[in-house]
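Report on the structure given below.
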Amino acid sequence: MTSTASPAATRPELAPGAAGTIAVLAASAFVMILNETVLAVALPQLMIDFSVDATAIQWLSTGFMLTMAVVIPATGFLLQRFSVRDLFMTALALFLVGSLLAGAAQNFPTMLVARAIQAGGTAIIMPLLMTTTLRTVPPARRGAVMGMNTIGIACAPAIGPALSGAILAWLGWRWIFWMMIAIATVTLVVGAALLTKGGESRRAPFDLTSVALSAFGFGGIVYVISCAEAALTGTWAPAVIALAVGVLGLALFVSRQRALQKHDAALLDLRPLSVPTFRLSLITVAISFGLLLGSVVLLSMVLQQGLGMSPLAVGLLLLPSGLIQAVLAPFVGRAFDRVGPRPLVIPATVVLAVSMFALAFISADTPIWYVMLFSTTYGAGMAFVLTALLTTSLSSLPHSLYGHGAAIMNTFQQLAGAAGTALLVAAMTFGGSKASEVGPAAEMTGARWSFAISGVLCLIAILTATMIRPTETERLVSVASGGDSPDASAA
């Protein structure tokens, strides 16, 4: 006698407790990513309160990114060695300590240390969220869950300026950190109750030499990126030295990881980069995410200095970009589970390119609705790109490489965010210096240079998106379920 299983019986289920765990981690990730961008609008006021110049105050962002660049590569090891609960509690504790120190800071050095501590917690939480999702969600439902995760990743950078502008207008910059503390405390209490003790871990070896090489390599590259604008104006020596240190550090780091991964002892296993689907997705995500963060900073500067808008007005103008990503991401995730990445990602990268080229025509006479329209359009495209490619890239790896793949993806996202911001601001400065106009008009000319370059980079993203061909759908499902990938094991 045969029996027919009901749809409910065949519906793949999440691991016990997975929904609550992922929700807590996603909320934590949202707060921490919001923290990355929320301070940008407050920097002019911090310059006044701490009596420092623009070069010094930028270290609140540069120092944050440097810490992230050093810590994230080690998360592949941490995700093997410690349980989800242990890493969650550590990340939230670091973030809370950093936020308390920042909220009470009376001088610039204290604020700088506080930002570095915050970055330590932020660096842990993002790979933890991605890896936990992959390990606990069946492949058939992974796109939908990753779509929910993407809400925080994608919309927090756009929400940050609006929230910061409102707080600065009525309460003062210290309330930015008090708000973060309140939300993070609630998240910590809920997470401590929901997340169970123990869990999957192993006695992974710790290689201190790899940590040092990672710090020199990734730290040097981030510092070079932060020096881009200074290098264009003639102060190139620090950038050249940092570039040499960074390239040498990265070369030695890669060489050491390739040697250690033969014994399953790498701090950051680089075998995910040998999987074409992962590699191409990584490039596409890096370009689109870097331009997202860069365009938020660029538009904030142009709209305030070029059009005379207030920080609050600029934040509200950029807000729809984040909101549309939050609305679209869950639907994109469910569509991904049905049709896969290509029908979603290829049109989305075209939308990104059209949006950037459209913004390359802005001027002092451009209506506000035009800027809002195309910044929002770019946000819509990002909802498709991030949701589909974060799922595709990490699902193409064997179970044993989930943590390392998430660490690589997040490292490149941070580097791309730093590079995108530095490139667009440097291009605006350079373009403005070549303009025949002066003042706000010259700044607008520089902004057109920046957005034109962004459009060209989006064309590269279109190319890499068309090359992503996960035709081995069955292989992706079996690999994500714990099988080994032939590509991944070949490195």
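Residues in the structure tokens are numbered from 1 in each chain, the chains being A, B, ... in the order shown, and ligands are numbered from 1 in the order shown.
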Residues near segment 260-268 of chain A, cut-off 10 Å, only C-alpha atoms, skip fewer than 6 positions along chain, as a VMD selection string: chain A and resid 72 to 78 204 to 211 214 253 to 254 401 403 to 405 407 to 408 491
Rank nothing, just name the residue among A:Met89, A:Ala215, A:Met68, A:Ile462 nearest to Val190 of chain A, using only C-alpha atoms.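 Answer, going by the shortest atom-to-atom distance: A:Met89.
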Rounded to one decimal place, report the atom CA of Ala286 of chain A-atom CA of Ser363 of chain A distance in Å. 28.2 Å
Selected residue of minimal separation from Leu163 of chain A among A:Thr185, A:Asn35, A:Ser400, A:Asn107, counting only C-alpha atoms: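 The answer is A:Asn35, which sits nearest to Leu163 of chain A.
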Which residue out of A:Ala326, A:Val224, A:Met32, A:Asn410 has the minimum interatomic distance to Ala237 of chain A when only C-alpha atoms are used?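 Counting only C-alpha atoms, the residue closest to Ala237 of chain A is A:Val224.
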Among the residues A:Phe30, A:Phe218, A:Trp369, A:Phe336, the one that comes closest to Gly246 of chain A [using only C-alpha atoms]: A:Phe218
Between atom CA of Gln414 of chain A and atom CA of Ile221 of chain A, distance in Å (one decimal):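 Going from atom CA of Gln414 of chain A over to atom CA of Ile221 of chain A covers 11.3 Å.
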